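Trainee: Dropping a structure here in structure tokens format, bear with me for questions.
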Amino acid sequence: MSLNSYHTISGLEKAFIKSLFCCVFTVFSILIFPHTLKSQISLSLGRTIEIASDSSLQAFTAKNLYQSSYWGFRSYKAARLPSLNLIMTPIQYYRDITRRYDSETNLDIYREQQSMYSSGNLSIRQNFDLTGGTFFIDSELGYIRNFGDNVYGQYTSVPIRIGYQQDLFGFNSFKWEKRIEPLKYEKAKQQYLYDREEISESSTGYFFDLAMAQAEYDMAMDNVASSDTLYRIGQERHKIAAISQADLLTLRLDAVNAQNSLKNAEIDLKRAMFSFVSFLSMDKSTKVRLELPGRPKELDVNADKALMYAQQNNPDFIGYKQSVLEAEQEVDRTKKSANFEASFTASVGFNQVADNFSGVYQNPLQQDVISVGLKIPLLDWGVRKGKANMAKNNLNVTKLSVRQKELGLEQDVIMTVNDFNVQQDMISSAEEALNLANMAYNNTKERFIIGKADINSLTLSLNRQKEAQKNYISSLKNYWKSYYKIRKLTLFDFEKNESLSVVFDMEMNIK
């Protein structure tokens with residue numbers, strides 16, 4: 001084709017040739033420079049959530065908080081088991097001047113003393129939650145040696161001793177720990193699951209923010225190409241007086257605005273891309289192309305069931321129970337500390353003393369110890385009573401505050417379920433509106449090319465198409481955010497009809 005013949009063809013054919021050339025150039029670039037696309041990956045919503053749940057900073061924080069609570073609970077469980085302890089003083093040496101009583105002169109005098117002492121105690125202890133006491137079995141061995149004018153060594157032993165000790169009428173910390181510690185761990189576990197679902201919800205937000213930016217950029221690119229083509233067609237039609245000068249200027253203005261919109265869309269796309277890859281802890285140079293999820297299947301979530309699962313599983317509800325229990329614990333502590341304190345210790349065993357090691361375990365003598373201690377507050381100016389009353393008032397405040405928070409959380413669950421059920425219908429409407437807008441724009445564009453539609457109809461149709469595309473993506477975003485928010489609030493998978501806590505426990509047992 002010669003240069004003269006190229007100038008004689010119509011504007012529509014010129015636009016077609018230009019588009020064909022761009023396609024050929026793009027394919028050529030991909031074949032010759034494939035490395036330019038290596039850094040671009042394709043991600044779906046599900047894969048995005050998987051990456052975020054594994055690699056994001058939010059996921060790392062949630063895992064470490066759970067691990068901390070897990071080991072705290074393990075420590076509590078270990079404290080309920082018998083403990084074996086060895087307490088030793090391998091060597092203790094004294095060389096000093098000390099006061100001693102001289103029986104011959106009936107006087108206290110200062111004498112030089114030089115001695116060495118060693119001891120060891122091996123004990124087994126078991127806490128008893130019901131009474132708050134502690135059973136123990138122990139064995140002791142000691143040795144002392146004096147130096148100086150009278151060198152003398154002696155052994156002492158307690159081969160075995162069995163005993164029990166506890167506070168009488170006092171605060172039983174073991175009983176309260178048995179009620180609170182499992183609840184604290186359950187809350188920590190549910191909080192971890194809650195945080196994972198919150199990561200899913202956050203991932204959905206970042207995903208659709210980027211999807212919207214990519215859609216707007218794609219629409220801006222199409223708009224640039226379309227505006228340029230329409231302007232060239234308008235120039236040809238203006239030559240034959242098919243359109244006015246004002247319409248031609250409007251087409252030119254649309255082409256310029258399309259270029260400006262493309263630049264703004266590119267800036268927004270870069271920002272959304274940076275936020276997306278940063279959230280996933282990916283390399284900042286990574287380019288991602290998102291795959292929009294299809295139309296979700298119909299899922300009917302009952303508000304009453306969602307509220308029931310939230311009350312059972314939501315960590316906030318469990319935390320409210322914990323707060324009330326801890327306030328009741330403080331009332332019990334202060335109430336019992338306001339009365340007199342009493343302690344009791346009893347033990348029975350054997351002991352012996354000898355000049356040599358073999359003799360210290362021969363013919364042991366019985367050792368019996370019974371001890372009762374009392375601490376009676378005679379005058380404290382109402383300090384203990386005041387603390388007890390403060391604890392009661394704090395318990396009442398805690399119960400009122402917890403009830404108010406429960407009502408707010410219940411309302412949040414119900415409203416989220418209602419929003420979710422509405423969003424399913426809105427997706428259907430938005431999808432239908434998008435299809436109609438695309439058909440209307442394509443039809444108006446074709447009619448404009450053949451001169452059967454004016455510029456105002458074309459512009460209006462284009463704007464409706466853009467708005468329908470945005471509404472469709474927004475509807476998808478709202479649906480999936482509501483979906484994961486319901487999962488977060490209830491910790492229940494309504495699609496599979498299973499508790500996330502039960503699934504987590506099964507996974508932990510498998511591991």
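Ordering of the structure tokens sets the chain letters (A, B, ...), residue numbers begin anew at 1 in every chain, and ligands are numbered from 1 in the order given.
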Skip Asp167 (chain A) itself and residues of its chain fewer than 5 positions away, then list as a ChimeraX atom specification all residues within 10 Å of it, counting only C-alpha atoms.

Mentor: /A:131-134,172,341-345,372-374

Trainee: So which residues touch Val502 (chain A) within 12 Å, counting only C-alpha atoms, skipping near sequence neighbours fewer than 2 positions away, as a list in words?

Mentor: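 Answer for this query is Lys189, Gln190, Leu193, Asn313, Leu491, Phe492, Asp493, Asn497, Glu498, Ser499, Leu500, Phe504, Asp505, Met506, Glu507, Met508 and Asn509 of chain A.
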
Trainee: For the residues selected in the previous step, produce a file with C-alpha atoms as a PDB file, in the first residue's frame.

Mentor:
```pdb
ATOM      1  CA  LYS A 189      -7.520 -19.651  70.870  1.00  0.00           C
ATOM      2  CA  GLN A 190     -10.720 -18.002  69.682  1.00  0.00           C
ATOM      3  CA  LEU A 193      -9.155 -17.650  64.895  1.00  0.00           C
ATOM      4  CA  ASN A 313     -17.331 -18.709  69.978  1.00  0.00           C
ATOM      5  CA  LEU A 491     -16.162 -18.222  64.038  1.00  0.00           C
ATOM      6  CA  PHE A 492     -18.483 -20.464  62.067  1.00  0.00           C
ATOM      7  CA  ASP A 493     -18.340 -21.509  58.404  1.00  0.00           C
ATOM      8  CA  ASN A 497     -21.776 -25.765  58.312  1.00  0.00           C
ATOM      9  CA  GLU A 498     -18.867 -26.348  60.701  1.00  0.00           C
ATOM     10  CA  SER A 499     -17.255 -24.536  63.604  1.00  0.00           C
ATOM     11  CA  LEU A 500     -13.845 -23.007  62.889  1.00  0.00           C
ATOM     12  CA  PHE A 504      -8.669 -25.853  64.345  1.00  0.00           C
ATOM     13  CA  ASP A 505      -8.630 -28.424  67.160  1.00  0.00           C
ATOM     14  CA  MET A 506      -8.620 -31.244  64.590  1.00  0.00           C
ATOM     15  CA  GLU A 507      -5.733 -29.628  62.718  1.00  0.00           C
ATOM     16  CA  MET A 508      -3.736 -29.231  65.941  1.00  0.00           C
ATOM     17  CA  ASN A 509      -4.322 -32.897  66.884  1.00  0.00           C
TER      18      ASN A 509
END
```

Trainee: Between CA of Tyr185 (chain A) and CA of Leu407 (chain A), what distance in Å does the model show, to one decimal?

Mentor: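 Interatomic distance here is 24.0 Å.
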
Trainee: Find the residues near region 83-87 of chain A: any atom within 10 Å, counting only C-alpha atoms, skip ones fewer than 4 places away on the same chain, and give them as a list in words.

Mentor: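 Selected residues are Ala78, Ala79, Ser119, Gly120, Asn121, Leu122, Ser123, Ile124, Arg125, Gln126, Asn127, Phe136, Ile137, Asp138, Ser139 and Glu140 of chain A.
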
Trainee: Hey, can you spit out that residue selection with C-alpha atoms as a JSON list (two decimals), in the first residue's frame?

Mentor:
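Writing done, so here's selection_10.json:
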```json
[["chain", "number", "residue", "atom", "x", "y", "z"],
["A", 78, "ALA", "CA", 2.02, -28.29, 84.54],
["A", 79, "ALA", "CA", 1.47, -26.56, 87.88],
["A", 119, "SER", "CA", 22.53, -29.69, 103.14],
["A", 120, "GLY", "CA", 20.10, -31.04, 100.57],
["A", 121, "ASN", "CA", 16.32, -31.46, 100.36],
["A", 122, "LEU", "CA", 14.48, -33.55, 97.75],
["A", 123, "SER", "CA", 10.72, -32.99, 97.73],
["A", 124, "ILE", "CA", 7.60, -33.91, 95.76],
["A", 125, "ARG", "CA", 4.71, -31.43, 96.01],
["A", 126, "GLN", "CA", 1.13, -31.68, 94.76],
["A", 127, "ASN", "CA", -1.39, -28.84, 94.87],
["A", 136, "PHE", "CA", 4.35, -32.89, 100.13],
["A", 137, "ILE", "CA", 6.81, -35.72, 100.59],
["A", 138, "ASP", "CA", 10.44, -34.86, 101.18],
["A", 139, "SER", "CA", 13.77, -36.15, 102.39],
["A", 140, "GLU", "CA", 16.64, -34.16, 103.92]]
```

Trainee: Let me make sure I understand: among A:Ile199, A:Ile455, A:Met273, A:Ala215, which one has the smallest atom-to-atom distance to Ser285 (chain A) if we use only C-alpha atoms?

Mentor: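 Smallest distance to Ser285 (chain A) is found for A:Met273.
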
Trainee: Between CA of Ala391 (chain A) and CA of Glu410 (chain A), measure the distance and give it in Å to one decimal.

Mentor: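 Between CA of Ala391 (chain A) and CA of Glu410 (chain A) the gap works out to 28.1 Å.
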
Trainee: Contacts of Lys466 (chain A) at 12 Å or less, counting only C-alpha atoms, minus same-chain residues fewer than 6 places along, as JSON, numbers by chain?

Mentor: {"A": [212, 215, 216, 217, 218, 219, 220, 222, 223, 433, 434, 435, 436, 437, 438, 440, 441, 459, 460, 472, 473]}

Trainee: Among the residues of region 93-293 of chain A, find those DSSP assigns to strand (DSSP E) from the backbone and print them as a PyMOL selection string.

Mentor: chain A and resi 93-102+107-128+133-146+152-168+287-291

Trainee: Would you mind telling me which residue in A:Val151, A:Leu292, A:Val383, A:Leu43 lies nearest to Leu280 (chain A) when using only C-alpha atoms?

Mentor: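 Looking only at the distances to Leu280 (chain A), the closest residue turns out to be A:Leu43.
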
Trainee: When you count only C-alpha atoms, which of these residues is closest to Leu462 (chain A): A:Ser115, A:Ser68, A:Asp254, A:Tyr309?

Mentor: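 That would be A:Asp254, the residue with the smallest distance to Leu462 (chain A).
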
Trainee: Residues within 10 Å of Asp228 (chain A), please, as a list in words. Count only C-alpha atoms; anything in the same chain fewer than 2 positions from it doesn't count.

Mentor: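 In the requested form, the answer reads Ala15, Asp222, Asn223, Val224, Ala225, Ser226, Leu230, Tyr231, Arg232, Ile233, Gly234, Leu251, Arg252, Asp254, Ala255, Val256, Ala258 and Gln259 of chain A.
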
Trainee: Selection from above, C-alpha atoms, as a PDB file, in the first residue's frame, can you write it?

Mentor:
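Heads up, here's the output in selection00.pdb:
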```pdb
ATOM      1  CA  ALA A  15      -8.244   3.316  13.233  1.00  0.00           C
ATOM      2  CA  ASP A 222     -10.170   1.563  26.539  1.00  0.00           C
ATOM      3  CA  ASN A 223     -11.551   5.070  26.802  1.00  0.00           C
ATOM      4  CA  VAL A 224      -8.343   6.555  25.380  1.00  0.00           C
ATOM      5  CA  ALA A 225      -8.430   4.184  22.413  1.00  0.00           C
ATOM      6  CA  SER A 226     -12.145   4.670  21.897  1.00  0.00           C
ATOM      7  CA  LEU A 230     -14.185   8.463  17.690  1.00  0.00           C
ATOM      8  CA  TYR A 231     -12.324  11.741  17.280  1.00  0.00           C
ATOM      9  CA  ARG A 232     -10.751  10.550  14.014  1.00  0.00           C
ATOM     10  CA  ILE A 233     -14.145   9.377  12.801  1.00  0.00           C
ATOM     11  CA  GLY A 234     -15.568  12.730  13.831  1.00  0.00           C
ATOM     12  CA  LEU A 251     -14.903  14.704  20.754  1.00  0.00           C
ATOM     13  CA  ARG A 252     -11.490  16.326  20.955  1.00  0.00           C
ATOM     14  CA  ASP A 254     -13.214  13.757  25.385  1.00  0.00           C
ATOM     15  CA  ALA A 255      -9.918  12.495  23.924  1.00  0.00           C
ATOM     16  CA  VAL A 256      -7.889  14.950  26.028  1.00  0.00           C
ATOM     17  CA  ALA A 258      -9.399  10.444  28.508  1.00  0.00           C
ATOM     18  CA  GLN A 259      -5.618  10.947  28.470  1.00  0.00           C
TER      19      GLN A 259
END
```

Trainee: Find the residues around Gly153 (chain A) up to 7 Å (only C-alpha atoms counted), leave out those fewer than 2 positions away in its own chain, and share them as a PyMOL selection string.

Mentor: chain A and resi 144-146+355

Trainee: Could you jot down the CA of Gly142 (chain A) to CA of Val360 (chain A) separation for me, Å, one decimal place?

Mentor: 9.9 Å

Trainee: How would you write, as a CSV table (one decimal) with C-alpha atoms, in the first residue's frame, the set of residues in region 118-197 of chain A that DSSP gives as helix (DSSP H, G or I)?

Mentor:
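In the end it all went to part_11.csv:
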```csv
chain,number,residue,atom,x,y,z
A,173,SER,CA,-6.2,-19.3,94.5
A,174,PHE,CA,-6.1,-22.8,93.1
A,175,LYS,CA,-9.9,-23.0,92.8
A,176,TRP,CA,-10.1,-19.7,90.9
A,177,GLU,CA,-7.2,-20.6,88.6
A,178,LYS,CA,-9.1,-23.8,87.7
A,179,ARG,CA,-12.0,-21.7,86.5
A,180,ILE,CA,-10.2,-18.7,84.9
A,181,GLU,CA,-7.1,-20.2,83.3
A,182,PRO,CA,-9.0,-22.6,80.9
A,183,LEU,CA,-11.2,-19.7,80.0
A,184,LYS,CA,-8.2,-17.5,79.3
A,185,TYR,CA,-6.8,-20.1,76.9
A,186,GLU,CA,-10.1,-20.6,75.2
A,187,LYS,CA,-10.3,-16.9,74.6
A,188,ALA,CA,-6.7,-16.8,73.3
A,189,LYS,CA,-7.5,-19.7,70.9
A,190,GLN,CA,-10.7,-18.0,69.7
A,191,GLN,CA,-8.9,-14.7,69.4
A,192,TYR,CA,-6.4,-16.3,67.1
A,193,LEU,CA,-9.2,-17.7,64.9
A,194,TYR,CA,-10.8,-14.2,65.1
A,195,ASP,CA,-7.6,-12.6,63.9
A,196,ARG,CA,-7.2,-15.0,61.0
A,197,GLU,CA,-10.7,-14.1,59.9
```

Trainee: Under the rule that only C-alpha atoms are counted, which of A:Leu253, A:Phe147, A:Ala52, A:Arg464 is the nearest residue to Arg95 (chain A)?

Mentor: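 Once distances to Arg95 (chain A) are computed over only C-alpha atoms, the minimum belongs to A:Phe147.
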
Trainee: Please determine, counting only C-alpha atoms, which residue among A:Glu495, A:Asp102, A:Asp412, A:Asp209 has the shortest atom-to-atom distance to Asp268 (chain A).

Mentor: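 So, comparing all the options, the nearest one is A:Asp209.
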